[in-house]
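Source file: run.txt (compact mmCIF, C-alpha atoms)
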```txt
# COMPACT_ATOMS: atom_id res chain seq x y z
CA MET M 1 277.15 148.26 -38.25
CA THR M 2 276.13 148.08 -41.85
CA PRO M 3 278.30 145.79 -43.89
CA THR M 4 279.53 147.29 -47.13
CA ILE M 5 281.59 145.97 -49.99
CA SER M 6 285.26 146.44 -49.32
CA PRO M 7 287.38 147.51 -52.29
CA GLU M 8 289.33 144.26 -51.86
CA LEU M 9 286.21 142.13 -52.15
CA ASP M 10 285.04 144.12 -55.14
CA GLU M 11 288.40 143.80 -56.87
CA ARG M 12 288.60 140.11 -56.05
CA PHE M 13 285.34 139.49 -57.87
CA ARG M 14 286.38 141.55 -60.88
CA VAL M 15 289.66 139.63 -61.16
CA ALA M 16 287.92 136.28 -60.69
CA ALA M 17 285.27 137.08 -63.30
CA ALA M 18 287.92 137.81 -65.91
CA ALA M 19 290.12 134.87 -64.89
CA ALA M 20 287.15 132.51 -65.25
CA GLY M 21 286.70 133.70 -68.83
CA LEU M 22 283.14 134.82 -68.10
CA LEU M 23 283.28 138.31 -69.60
CA ASP M 24 282.17 139.40 -73.05
CA VAL M 25 284.03 142.68 -72.57
CA ALA M 26 286.37 143.81 -69.79
CA TYR M 27 286.76 147.56 -69.74
CA ASP M 28 288.42 150.26 -67.73
CA VAL M 29 288.70 154.00 -67.83
CA LEU M 30 292.19 155.49 -68.07
CA PRO M 31 291.43 158.88 -66.56
CA ASP M 32 294.51 160.85 -67.45
CA THR M 33 296.41 159.95 -70.58
CA PRO M 34 298.15 162.80 -72.43
CA ILE M 35 295.11 162.99 -74.71
CA GLY M 36 292.56 162.90 -71.92
CA ALA M 37 290.34 160.20 -70.48
CA LEU M 38 290.03 157.00 -72.48
CA LEU M 39 287.66 154.11 -72.04
CA VAL M 40 289.31 150.91 -73.21
CA GLY M 41 287.57 147.59 -73.78
CA VAL M 42 289.02 144.17 -74.51
CA THR M 43 287.50 140.83 -75.43
CA ASP M 44 289.22 137.47 -75.40
CA ARG M 45 290.23 138.26 -78.99
CA GLY M 46 291.79 141.64 -78.45
CA VAL M 47 291.08 145.33 -78.12
CA CYS M 48 287.52 146.10 -79.18
CA ARG M 49 287.09 149.66 -77.98
CA ILE M 50 288.97 152.88 -77.31
CA THR M 51 286.79 155.92 -76.71
CA PHE M 52 287.78 159.54 -76.13
CA ASP M 53 285.88 161.55 -73.50
CA PRO M 54 283.78 158.50 -72.67
CA GLU M 55 280.24 158.61 -71.34
CA PRO M 56 280.28 155.25 -69.56
CA GLU M 57 276.50 154.84 -69.51
CA ARG M 58 276.28 155.02 -73.27
CA GLU M 59 279.45 153.03 -73.84
CA LEU M 60 278.38 150.12 -71.66
CA GLU M 61 275.05 149.83 -73.46
CA LEU M 62 276.83 149.87 -76.78
CA LEU M 63 279.40 147.26 -75.78
CA ALA M 64 276.67 145.03 -74.37
CA ARG M 65 274.69 145.29 -77.58
CA LEU M 66 277.69 144.54 -79.79
CA TYR M 67 279.51 141.86 -77.82
CA GLY M 68 277.12 140.48 -75.19
CA PRO M 69 275.77 141.69 -71.82
CA ARG M 70 278.63 140.50 -69.66
CA VAL M 71 280.43 143.83 -69.67
CA LEU M 72 282.39 144.45 -66.47
CA ARG M 73 285.03 146.91 -65.37
CA SER M 74 288.12 144.87 -64.69
CA SER M 75 291.62 146.32 -64.79
CA ARG M 76 293.60 143.10 -65.11
CA PRO M 77 292.55 142.18 -68.67
CA VAL M 78 293.28 145.69 -69.97
CA GLU M 79 296.66 145.91 -68.24
CA ARG M 80 298.67 144.99 -71.33
CA LEU M 81 296.92 147.58 -73.47
CA ARG M 82 297.37 150.18 -70.75
CA LEU M 83 301.11 149.50 -70.67
CA GLU M 84 301.44 149.66 -74.44
CA LEU M 85 299.52 152.94 -74.54
CA ASP M 86 301.79 154.36 -71.82
CA GLU M 87 304.85 153.39 -73.83
CA TYR M 88 303.33 154.83 -76.99
CA PHE M 89 302.56 158.16 -75.34
CA GLU M 90 306.08 158.29 -73.95
CA GLY M 91 307.49 157.76 -77.45
CA ARG M 92 308.92 154.37 -76.54
CA ARG M 93 306.57 152.26 -78.68
CA ARG M 94 305.94 152.49 -82.43
CA ASN M 95 303.79 149.40 -82.96
CA PHE M 96 301.10 147.81 -80.82
CA ASP M 97 301.37 144.12 -80.02
CA VAL M 98 297.78 143.87 -78.78
CA GLU M 99 295.41 142.59 -81.46
CA PRO M 100 292.44 144.70 -82.54
CA ASP M 101 289.08 142.92 -82.40
CA VAL M 102 286.93 144.49 -85.13
CA ARG M 103 284.75 141.48 -85.86
CA VAL M 104 281.52 143.43 -85.36
CA MET M 105 282.34 145.84 -88.18
CA PRO M 106 280.98 145.30 -91.71
CA GLU M 107 283.26 143.56 -94.18
CA PHE M 108 284.22 146.72 -96.06
CA ASN M 109 285.24 148.42 -92.80
CA ARG M 110 287.35 145.44 -91.80
CA ARG M 111 289.19 145.50 -95.12
CA VAL M 112 289.89 149.21 -94.84
CA LEU M 113 290.98 148.83 -91.21
CA ALA M 114 293.32 145.98 -92.20
CA GLU M 115 295.00 148.32 -94.70
CA LEU M 116 295.07 151.09 -92.13
CA ALA M 117 296.96 148.81 -89.75
CA GLN M 118 299.84 148.80 -92.27
CA VAL M 119 300.34 152.57 -92.21
CA ALA M 120 303.65 153.04 -90.41
CA TYR M 121 304.35 155.09 -87.32
CA GLY M 122 305.37 158.63 -88.15
CA SER M 123 303.99 158.51 -91.71
CA THR M 124 300.68 159.58 -93.18
CA THR M 125 298.51 158.40 -96.03
CA THR M 126 295.34 159.78 -97.62
CA TYR M 127 291.71 158.65 -97.72
CA GLY M 128 292.06 158.28 -101.49
CA ALA M 129 295.19 156.13 -101.26
CA LEU M 130 293.49 153.76 -98.79
CA ALA M 131 290.49 153.59 -101.12
CA VAL M 132 292.75 152.52 -103.98
CA GLN M 133 294.38 149.91 -101.76
CA VAL M 134 291.07 148.22 -101.03
CA GLY M 135 290.18 148.29 -104.73
CA HIS M 136 287.60 151.08 -104.64
CA ALA M 137 289.46 154.04 -106.07
CA ARG M 138 286.41 156.29 -105.86
CA ALA M 139 285.47 155.43 -102.30
CA ALA M 140 287.61 158.01 -100.50
CA ARG M 141 284.53 159.38 -98.78
CA ALA M 142 283.45 155.91 -97.62
CA VAL M 143 286.97 155.38 -96.29
CA GLY M 144 286.54 158.60 -94.34
CA THR M 145 283.40 157.19 -92.77
CA VAL M 146 285.24 154.00 -91.83
CA MET M 147 287.92 156.10 -90.15
CA ASN M 148 285.25 158.03 -88.29
CA ARG M 149 283.78 154.77 -86.99
CA ASN M 150 287.11 153.18 -86.14
CA PRO M 151 286.36 151.38 -82.85
CA VAL M 152 290.00 151.30 -81.76
CA PRO M 153 291.69 154.60 -82.62
CA ILE M 154 295.41 154.95 -81.78
CA VAL M 155 295.88 151.15 -81.99
CA LEU M 156 294.46 151.30 -85.53
CA PRO M 157 296.05 154.59 -86.55
CA CYS M 158 293.30 156.55 -88.28
CA HIS M 159 295.10 159.70 -87.13
CA ARG M 160 297.66 158.93 -89.87
CA VAL M 161 295.06 159.40 -92.62
CA VAL M 162 294.80 162.93 -94.02
CA GLY M 163 293.17 164.70 -96.96
CA SER M 164 294.73 164.69 -100.43
CA THR M 165 296.08 168.21 -99.90
CA GLY M 166 297.70 167.22 -96.62
CA LYS M 167 295.03 168.91 -94.53
CA LEU M 168 294.18 166.93 -91.40
CA VAL M 169 290.45 167.05 -92.33
CA GLY M 170 288.75 165.31 -89.38
CA TYR M 171 289.10 163.01 -86.42
CA GLY M 172 286.60 161.21 -84.19
CA GLY M 173 288.44 162.43 -81.12
CA GLY M 174 288.71 166.01 -82.38
CA LEU M 175 291.31 167.55 -84.67
CA HIS M 176 293.45 168.74 -81.77
CA ARG M 177 294.03 165.14 -80.79
CA LYS M 178 294.89 164.13 -84.33
CA GLU M 179 297.45 166.89 -84.40
CA GLN M 180 298.80 165.90 -81.00
CA LEU M 181 299.27 162.28 -82.05
CA LEU M 182 300.94 163.20 -85.32
CA ARG M 183 303.28 165.54 -83.49
CA LEU M 184 304.11 162.84 -80.99
CA GLU M 185 305.06 160.58 -83.88
CA GLY M 186 307.09 163.31 -85.56
CA ALA M 187 304.84 163.34 -88.61
CA LEU M 188 304.02 167.01 -88.00
CA LEU M 189 306.57 169.61 -87.07
CA MET I 1 257.72 145.55 -73.60
CA SER I 2 260.00 144.04 -70.99
CA ALA I 3 263.20 145.74 -69.93
CA ALA I 4 266.41 144.76 -71.66
CA VAL I 5 269.11 142.93 -69.72
CA PRO I 6 271.46 145.69 -68.53
CA PRO I 7 275.24 145.50 -68.94
CA PHE I 8 276.51 143.27 -66.12
CA GLU I 9 278.43 146.17 -64.56
CA ARG I 10 275.15 148.00 -63.94
CA PHE I 11 273.48 144.90 -62.52
CA TYR I 12 276.46 144.24 -60.23
CA GLU I 13 276.64 147.84 -59.01
CA ALA I 14 272.92 147.90 -58.31
CA HIS I 15 272.82 144.72 -56.22
CA ARG I 16 276.24 144.02 -54.72
CA VAL I 17 275.62 145.77 -51.39
CA GLU I 18 272.26 144.14 -50.86
CA VAL I 19 273.59 140.71 -51.78
CA PHE I 20 276.49 141.10 -49.39
CA ARG I 21 274.17 142.17 -46.57
CA PHE I 22 271.92 139.23 -47.23
CA LEU I 23 274.86 136.82 -47.17
CA GLY I 24 276.37 138.50 -44.12
CA ARG I 25 273.15 138.05 -42.13
CA ARG I 26 272.99 134.40 -42.98
CA LEU I 27 276.63 133.34 -42.94
CA GLY I 28 278.62 135.94 -41.03
CA ARG I 29 281.04 138.30 -42.65
CA GLN I 30 283.89 135.87 -43.20
CA ARG I 31 281.97 133.23 -45.11
CA ALA I 32 279.87 135.87 -46.80
CA GLU I 33 282.91 137.06 -48.74
CA ASP I 34 283.40 133.72 -50.50
CA ALA I 35 279.66 133.37 -51.01
CA PHE I 36 279.53 136.86 -52.48
CA GLN I 37 282.05 136.00 -55.16
CA GLU I 38 280.34 132.71 -55.87
CA THR I 39 276.96 134.40 -56.18
CA PHE I 40 278.09 136.87 -58.81
CA LEU I 41 280.17 134.30 -60.68
CA ARG I 42 277.09 132.11 -60.93
CA ALA I 43 275.08 135.11 -62.01
CA LEU I 44 277.67 135.80 -64.72
CA ARG I 45 277.47 132.23 -65.96
CA ALA I 46 273.69 132.39 -66.25
CA TYR I 47 273.51 136.00 -67.44
CA PRO I 48 273.60 135.36 -71.21
CA ARG I 49 270.52 133.15 -70.85
CA LEU I 50 268.35 135.84 -69.27
CA GLU I 51 265.60 136.90 -71.60
CA HIS I 52 264.76 140.20 -69.96
CA GLY I 53 265.99 142.50 -67.24
CA GLU I 54 263.05 142.25 -64.88
CA HIS I 55 263.18 140.99 -61.31
CA LEU I 56 266.96 140.89 -61.32
CA ARG I 57 267.01 141.56 -57.57
CA ALA I 58 264.85 138.55 -56.88
CA TRP I 59 266.94 136.55 -59.30
CA VAL I 60 270.30 137.33 -57.72
CA LEU I 61 268.94 136.88 -54.19
CA THR I 62 267.65 133.50 -55.29
CA ILE I 63 271.15 132.57 -56.41
CA ALA I 64 272.57 133.90 -53.15
CA SER I 65 270.11 131.92 -51.05
CA ARG I 66 270.97 128.76 -52.92
CA ILE I 67 274.62 129.36 -52.15
CA VAL I 68 273.78 129.94 -48.50
CA LEU I 69 272.04 126.59 -48.39
CA ASP I 70 274.99 124.88 -50.07
CA ASP I 71 277.33 126.52 -47.59
CA VAL I 72 275.25 125.58 -44.58
CA ARG I 73 274.98 122.02 -45.81
CA ARG I 74 278.71 121.75 -46.34
CA SER I 75 279.66 123.24 -43.01
CA ARG I 76 277.47 121.05 -40.80
CA PRO I 77 277.55 117.29 -40.38
CA GLN I 78 274.57 115.72 -42.11
CA ASP I 79 272.94 114.38 -38.97
CA GLU I 80 272.73 117.80 -37.36
CA LEU I 81 270.28 119.36 -39.75
CA PRO I 82 267.13 117.33 -39.63
CA GLU I 83 265.00 120.46 -39.81
CA LEU I 84 266.86 122.07 -42.69
CA PRO I 85 265.19 121.14 -45.95
CA ALA I 86 268.44 121.53 -47.88
CA GLU I 87 267.97 118.44 -50.04
CA ASP I 88 264.47 119.48 -50.92
CA VAL I 89 265.18 123.05 -51.84
CA ARG I 90 266.29 122.64 -55.40
CA PRO I 91 263.49 120.28 -56.32
CA ALA I 92 261.03 122.58 -54.56
CA PHE I 93 262.13 125.43 -56.74
CA GLU I 94 262.17 123.35 -59.86
CA GLU I 95 258.67 122.08 -59.15
CA LEU I 96 257.43 125.53 -58.35
CA ALA I 97 258.89 127.24 -61.35
CA PRO I 98 256.66 125.68 -64.02
CA LEU I 99 253.61 125.70 -61.74
CA THR I 100 253.92 129.40 -61.13
CA ASP I 101 254.58 130.37 -64.75
CA ASP I 102 251.21 132.02 -65.18
CA LEU I 103 251.22 134.09 -62.00
CA PRO I 104 251.76 137.85 -62.17
CA PRO I 105 255.53 138.47 -61.84
CA LYS I 106 255.50 139.83 -58.31
CA GLU I 107 253.33 137.05 -56.95
CA ARG I 108 255.44 134.51 -58.74
CA ALA I 109 258.67 135.87 -57.28
CA ALA I 110 257.14 135.99 -53.81
CA VAL I 111 255.83 132.42 -53.99
CA VAL I 112 259.08 131.01 -55.34
CA LEU I 113 261.27 132.86 -52.86
CA ARG I 114 258.99 131.96 -49.95
CA TYR I 115 258.26 128.32 -50.66
CA GLY I 116 261.12 127.40 -52.95
CA TYR I 117 263.86 129.13 -50.98
CA ASP I 118 262.38 129.66 -47.57
CA LEU I 119 263.27 133.34 -47.48
CA GLY I 120 261.69 135.59 -44.88
CA TYR I 121 259.15 138.19 -46.02
CA ASP I 122 261.58 141.00 -45.20
CA GLU I 123 264.08 139.52 -47.65
CA ILE I 124 261.44 138.83 -50.24
CA GLY I 125 260.21 142.39 -49.88
CA ALA I 126 263.73 143.65 -50.49
CA ALA I 127 264.07 141.37 -53.47
CA ILE I 128 260.91 142.42 -55.24
CA GLY I 129 261.04 146.05 -54.21
CA SER I 130 258.08 145.99 -51.83
CA SER I 131 257.46 146.25 -48.13
CA GLU I 132 257.47 143.17 -45.96
CA ALA I 133 253.69 143.36 -45.71
CA ALA I 134 253.28 143.66 -49.47
CA ALA I 135 255.59 140.66 -49.96
CA ARG I 136 253.43 138.62 -47.58
CA GLN I 137 250.32 139.68 -49.45
CA ALA I 138 251.88 138.89 -52.83
CA ALA I 139 252.83 135.40 -51.66
CA SER I 140 249.40 134.62 -50.26
CA ALA I 141 247.65 136.10 -53.29
CA GLY I 142 249.87 133.89 -55.46
CA VAL I 143 249.05 130.80 -53.44
CA ARG I 144 245.31 131.58 -53.59
CA ARG I 145 245.56 132.00 -57.33
CA LEU I 146 247.43 128.71 -57.68
CA ARG I 147 244.78 126.91 -55.62
CA LYS I 148 242.08 128.32 -57.84
CA GLU I 149 243.93 127.17 -60.95
CA GLN I 150 244.37 123.69 -59.52
CA GLN I 151 240.63 123.24 -59.11
```
Let me see the structure of the file written as structure tokens.
Amino acid sequence: MTPTISPELDERFRVAAAAAGLLDVAYDVLPDTPIGALLVGVTDRGVCRITFDPEPERELELLARLYGPRVLRSSRPVERLRLELDEYFEGRRRNFDVEPDVRVMPEFNRRVLAELAQVAYGSTTTYGALAVQVGHARAARAVGTVMNRNPVPIVLPCHRVVGSTGKLVGYGGGLHRKEQLLRLEGALL
Amino acid sequence: MSAAVPPFERFYEAHRVEVFRFLGRRLGRQRAEDAFQETFLRALRAYPRLEHGEHLRAWVLTIASRIVLDDVRRSRPQDELPELPAEDVRPAFEELAPLTDDLPPKERAAVVLRYGYDLGYDEIGAAIGSSEAAARQAASAGVRRLRKEQQ
């Protein structure tokens, strides 16, 4: 008989690897959230990645390049985020307690994302308003780019940022998702 | 250009079955499970220090064989293993490593796994992605080359 790896043995290693603090990024794929499959990644500092319609091959390479090569699928470390996302999608959570880890982003992006984190559940703001808040009144377009590159959408609510006329404009995960999230929060009727 | 170190997930997926088979043959299924976890935890610890992604099979089997030797040493009373060169194995590897630095990669892996870790040619072949016969040839070619360099 050929020995194989039992799921228990596999899981035991994945749990042990995370428990020993040996991972640069622990990730998992949540296959069926209300907005589709999400790949979520966490470091010891917080949530570093949420990707819509993930292509794992590409994602793993990217995570390894940004955070270090010890990228392993491990469900235990992402459990808290998974729970908070479940609660959010069920309308039972308005704020995330998990910390975002955006240390790999450039300084300007981090400042914009810090302002973004203050935009309340169920409300919207504009690219221009965020630009003013970070002291670059004319950088609305650059703010749009920061939103587009937001590594942790949903947790950092770039879906709450719309154009100056109230048009939804764009979203990394597709406009239909932006609309879905805003509806969930009651910001769109 | 040498290959980049892959994300650990890819490395683990690519080698876990082979590592477990290797450990199972040497230790039996029960002890192989603990050794399996230990092998990949050690690999994780050392992973950030890898400079390229080549010969990862040989590398992880080397770790596994070291763990086998540790396990065997622990599980038998000292006086029952006169023929097992357990105490010598680490130094053998450490002495071999710098000596074999200039060998072509395959020959180097074969020499180190054969004489540093006492692996069989079938296992070495599996580790370096060659047949058993090719592994034997690589090891003897490596040794010949080393002899030549020594002169």
For the contact check between chain M and chain I, emit one row per residue of chain M within 7 Å, containing the shortest atom pair and the distance in Å rounded to one decimal, counting only C-alpha atoms, chain then rising number order, as a Markdown table.
```
| residue | atom | partner | partner_atom | distance |
| --- | --- | --- | --- | --- |
| M:Pro3 | CA | I:Arg21 | CA | 6.1 |
| M:Thr4 | CA | I:Val17 | CA | 6.0 |
| M:Ile5 | CA | I:Val17 | CA | 6.1 |
| M:Leu9 | CA | I:Glu33 | CA | 6.9 |
| M:Phe13 | CA | I:Gln37 | CA | 5.5 |
| M:Ala17 | CA | I:Leu41 | CA | 6.4 |
| M:Leu22 | CA | I:Leu44 | CA | 6.5 |
| M:Leu60 | CA | I:Pro7 | CA | 6.2 |
| M:Glu61 | CA | I:Pro7 | CA | 6.3 |
| M:Ala64 | CA | I:Pro7 | CA | 5.6 |
| M:Pro69 | CA | I:Pro7 | CA | 4.8 |
| M:Arg70 | CA | I:Phe8 | CA | 5.0 |
| M:Val71 | CA | I:Phe8 | CA | 5.3 |
| M:Leu72 | CA | I:Glu9 | CA | 4.7 |
| M:Arg73 | CA | I:Glu9 | CA | 6.7 |
```
Problem - Sel. within 12 Å of pt (292.0, 148.0, -96.3), counting all atoms listed in the file, output as a PyMOL selection string - result: chain M and resi 107-119+127-137+139-140+142-143+146-147+156+158
Those same residues, written as an mmCIF file, keeping the file's coordinate frame with C-alpha atoms?
```cif
data_model
loop_
_atom_site.group_PDB
_atom_site.id
_atom_site.type_symbol
_atom_site.label_atom_id
_atom_site.label_comp_id
_atom_site.auth_asym_id
_atom_site.auth_seq_id
_atom_site.Cartn_x
_atom_site.Cartn_y
_atom_site.Cartn_z
ATOM 1 C CA GLU M 107 283.260 143.560 -94.180
ATOM 2 C CA PHE M 108 284.220 146.720 -96.060
ATOM 3 C CA ASN M 109 285.240 148.420 -92.800
ATOM 4 C CA ARG M 110 287.350 145.440 -91.800
ATOM 5 C CA ARG M 111 289.190 145.500 -95.120
ATOM 6 C CA VAL M 112 289.890 149.210 -94.840
ATOM 7 C CA LEU M 113 290.980 148.830 -91.210
ATOM 8 C CA ALA M 114 293.320 145.980 -92.200
ATOM 9 C CA GLU M 115 295.000 148.320 -94.700
ATOM 10 C CA LEU M 116 295.070 151.090 -92.130
ATOM 11 C CA ALA M 117 296.960 148.810 -89.750
ATOM 12 C CA GLN M 118 299.840 148.800 -92.270
ATOM 13 C CA VAL M 119 300.340 152.570 -92.210
ATOM 14 C CA TYR M 127 291.710 158.650 -97.720
ATOM 15 C CA GLY M 128 292.060 158.280 -101.490
ATOM 16 C CA ALA M 129 295.190 156.130 -101.260
ATOM 17 C CA LEU M 130 293.490 153.760 -98.790
ATOM 18 C CA ALA M 131 290.490 153.590 -101.120
ATOM 19 C CA VAL M 132 292.750 152.520 -103.980
ATOM 20 C CA GLN M 133 294.380 149.910 -101.760
ATOM 21 C CA VAL M 134 291.070 148.220 -101.030
ATOM 22 C CA GLY M 135 290.180 148.290 -104.730
ATOM 23 C CA HIS M 136 287.600 151.080 -104.640
ATOM 24 C CA ALA M 137 289.460 154.040 -106.070
ATOM 25 C CA ALA M 139 285.470 155.430 -102.300
ATOM 26 C CA ALA M 140 287.610 158.010 -100.500
ATOM 27 C CA ALA M 142 283.450 155.910 -97.620
ATOM 28 C CA VAL M 143 286.970 155.380 -96.290
ATOM 29 C CA VAL M 146 285.240 154.000 -91.830
ATOM 30 C CA MET M 147 287.920 156.100 -90.150
ATOM 31 C CA LEU M 156 294.460 151.300 -85.530
ATOM 32 C CA CYS M 158 293.300 156.550 -88.280
#
```
Handout entry: Spatial neighbours of range 184-188 of chain M, 12 Å, all atoms listed in the file, chain gap at least 5 places, as a list of chain:residue names
Key = M:Pro34, M:Ile35, M:Glu87, M:Tyr88, M:Phe89, M:Glu90, M:Gly91, M:Arg92, M:Arg93, M:Arg94, M:Asn95, M:Ala120, M:Tyr121, M:Gly122, M:Ser123, M:Thr124, M:Thr125, M:Ile154, M:Pro157, M:His159, M:Arg160, M:Val161, M:Val162, M:Gly166, M:Lys167, M:Leu168, M:Arg177, M:Lys178, M:Glu179
Exercise for the section: Name the residues in contact with Pro151 in chain M at a cut-off of 8 Å, using all atoms listed in the file, excluding same-chain residues fewer than 3 positions from it; report them as a list in words. Expected result: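 That gives Cys48, Arg49, Ile50, Thr51 and Val102 of chain M.
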Handout entry: Gap from CA of Ile128 in chain I to CA of Ala58 in chain I - Å, one decimal
Key =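 That distance, rounded to one decimal, is 5.8 Å.
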Handout entry: Residues near range 24-28 of chain M, cut-off 8 Å, all atoms listed in the file, skip fewer than 5 positions along chain, as a PyMOL selection string
Key = chain M and resi 18+39-44+63-64+67-75+77-78
Exercise for the section: Would you mind reading off the distance between CA of Thr62 in chain I and CA of Ser140 in chain I, one decimal, in Å? Expected result: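 If I compute the distance from CA of Thr62 in chain I to CA of Ser140 in chain I, I get 19.0 Å.
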Handout entry: Near-Val60 in chain I list (7 Å; all atoms listed in the file; drop same-chain fewer than 4 positions) as an MDAnalysis selection string
Key = chainID I and resid 43 56 64
Exercise for the section: Take CA of Val112 in chain I and CA of Leu23 in chain M and report the distance between them in Å, one decimal. Expected result: 29.0 Å
Problem - Pick from I:Ala133, I:Ile67, I:Ala3, I:Val143, whichever lies nearest to Leu27 in chain I using all atoms listed in the file - result: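 Counting all atoms listed in the file, the residue closest to Leu27 in chain I is I:Ile67.
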